[in-house]
Amino acid sequence: MTTLHAVVSAADSAPDELADPLREAIRPEFLQLMGWDPQIRLLFIPRDHPQFSAPECLVSGCDKMVYYAFQQGLCVGCMRRWKASGQSIEEFAGTAKRIWRAIGEVPCTVPECARPSNGLSTPLCAAHLYQQKRIYKIPVEEFVQHPDVVPLEAFGPCHVAACHRQRESPTGYCPAHAQRRREAVRKGTLGDEEHWRRTTNAISQNGVISLRGLPDRVVHQILYGLQERVREGVMQKDYVLRPLCDLARSQQVTTLTELDLSHVNHTTAGAAKGILKHLGRFRLTPETERHKDIWSGYAFGLDGNLYFDKISQFWLREAMKAWALDDIPKRRGKSRAAVQSHINAIVQLSDSLRLSRPDHGEDVRAVARDDVTVFLNRLRFLNEQGEISGYAHVRVVRYARRLLSRMRTLGLTQRDQPLHGMSETFGLHAEDVPDDPEDNEAGRDLPAEVMTQLCQHLDGLEATGSSEIRTGVELIIDTGRRPSEICRLPYDCLERDDDGKLTLVYDNHKSARKARRLPISGETGAVITAQQERVRARFPNTPTDKLKLLPTVLTNATGTKPVTPEWLASRHRAWVESLPEFLVPTVVTIKGRQVTKMLPFDKAKIFPYAYRHTYAQRHADAGVAPDALQSLMDHRQLTTTQQYYRVGEKRKREAVERVTAMQFDRNGNRVWRKAQALLDSEHARRAVGEVQVPYGLCTEPTNVQAGGHDCPVRFRCVGCDHFRTDVSYLPDLEAYLADLLRGRERLAAFAADSWAKAEAMPSDEEITRVRRLVKRVREDLEDLTEEDRIQIRDAVTMVRRTRRVVSLGLPRVGPPQDLRPERPTAG
């Protein structure tokens, strides 16, 4: 027999010692909920409990529950009859009669008779039925009232171990099991009758599950596992629990870990594994796990397991465990991924020692700097062969360096510690960590064409059968929050500031910062409000402070469990793959000439976290200052924010060269006549010989040396021979021209001294110069071909992404590009 080893139960190691603690861990209130009586050993499903109940069948009188939407309001049996009837659901539900099945034991209708009847059709026990038909020969109604008819005593419970019903004869079974036995005899499958009594199932009864005939240990395991599954919010169905109990009885196991699940359906196997998972966690502590090679993350407040077993050397494995024991309490959240990533880095070091050293690295005193050099070369080789990525290469070396250093500071090289005797040269230096691979992509943001098409197909997410997925994706796009932050939003996440503006209140779990506030638009607020209405309708009895905005559809009877980022990502991936190709303008080289073609965009680059990068890029393109964007993204450091929209040096250089080809002086004359590649020295010279000013570049030496803060003409750039501008500054020039015209109109009617107005009044010459410069840049753009205009547009976008914001007064920042202008404006 193939036994289940997927989950090892702690309750399996010492049966006598753990039986009582396991029983004591079962709460009295849970036993009361299940109507548990240790003498009767029956579980009664509480129909008023949200995790055990579901809507009842539409057929009048049928009290079976409907667990799934595809059943269209009918239980499994009634659904089968409806499909065969050819009627509409409404007609069938209004005319069909309940089928009496799984109704339990029906007592004899003779008053005070303790024996069971044969069912609703023959409501008399066998003895009274014989009297009624053979002796008195009168109708049942008259028979039960006859003065000579007396009640009879019971024969006792059925001889089947699982059954609690009364026998119909002194030596037999209850009527239902008696019928089963006759069928088994007729078919020749009865075999050993004593074994049949111990292993055969109880008679199914709606809402009742029998634990009779099971060892005490198995009963306690089932009760404890069921209690813990209820605590974690899993929906419990009697038609799933009943086969599990019957399986344990039929296999005559002494503990649930002996169950053979090789020939059972996935629902029964899932219920068994769910209970075994909780049994495996019983009495787990860090102390019970720390000496194992595979740790249960549950003992440390983490999800999943931590695997040290692939570290070959005992000393290195034990040192890694000591590090993990010290590091885990410092971690935020329940994810084990960060810890396991560090362990995996040491696995790479372990593999290198095992493969390169004659002693396979088992002697800690023998390892030295040469082994580190071999390790570094091996990683480089694996990277060159494509077995690990450039990022994995850097990460492994960086983690290994950090870990070996930390192991020393933890005192693991001291006497009686696993690293005692290890050479001081066995370690990595800062210069051993390779440079990060060149980033040839502009962050991970998605092109505007892709985002527009995605937003046009958001309705397709409704096909997932869950409005939560659609809402979650829409909120990530609109707010730029991390998927985990959106998934865990509470029901009451929408507030208004003192000025009446809508604000999203969320928790930054990554940085452990609670109740963060993000200004949002009225349209995004409307999305949240609509989702709140759906959640309130679905869970009307749960307090709002317990509800989640995006409750999962699985094992969540009260609405207190949110969808997981993994579930959202999987549904999102299926949706993206179902969409048509995304065509984006792409510059390609054909016969030595660069042309722009519409080519398909890689769908693998479209994932929920990419929307956060896109959010950052949209705001950067709109001119939001880096420090303001840092606040919007809720980053602690500005360098983190800059990574979200950085541009690779190669792409930035190409963009600069293309934009520089359309550079103008203050008079509108082209100063860079043709698009030629700049030498490296020329790039460097231009970088140190000019400084950015609000509408272009300044080459005046004094101002350059002062970083742009010492202009002799007080920033009248269009009147200075040191001023240069290019096509990338056209939006700024146009905005400047509009400001000059507005300022002149305001000052004309403004009450002030004449000298003050004369100083502040924009001159006609300045307005003329700016207007002429704008016109000149526009004309040159219009002279280009459509293909060249597209290339210039992309280059301008690239250059503006990385441009430092320069302002002489209060910043004028416009809103980012609206991805869905068709949405109605909300308040």
# chains A, B, ... in the order shown; residues from 1 in each chain; ligands from 1
$ residues_around --residues "Ile203 in chain A" --least-positions-apart "6" --cutoff "12 Å" --atoms "only C-alpha atoms" --output "VMD selection string"
chain A and resid 101 to 105 158 160 to 165 173 to 180 209 to 210 212 242 to 243 246
$ residues_around --residues "Asp216 in chain A" --least-positions-apart "3" --cutoff "10 Å" --atoms "only C-alpha atoms" --output "JSON, numbers by chain"
{"A": [19, 23, 38, 211, 212, 213, 219, 220, 221, 222, 254, 255]}
$ residues_around --residues "range 339-348 of chain A" --least-positions-apart "5" --cutoff "7 Å" --atoms "only C-alpha atoms" --output "ChimeraX atom specification"
/A:306,308,310-311,396,399-400
$ residues_around --residues "range 263-268 of chain A" --least-positions-apart "3" --cutoff "9 Å" --atoms "only C-alpha atoms" --output "PyMOL selection string"
chain A and resi 240-244+247+260+271-273
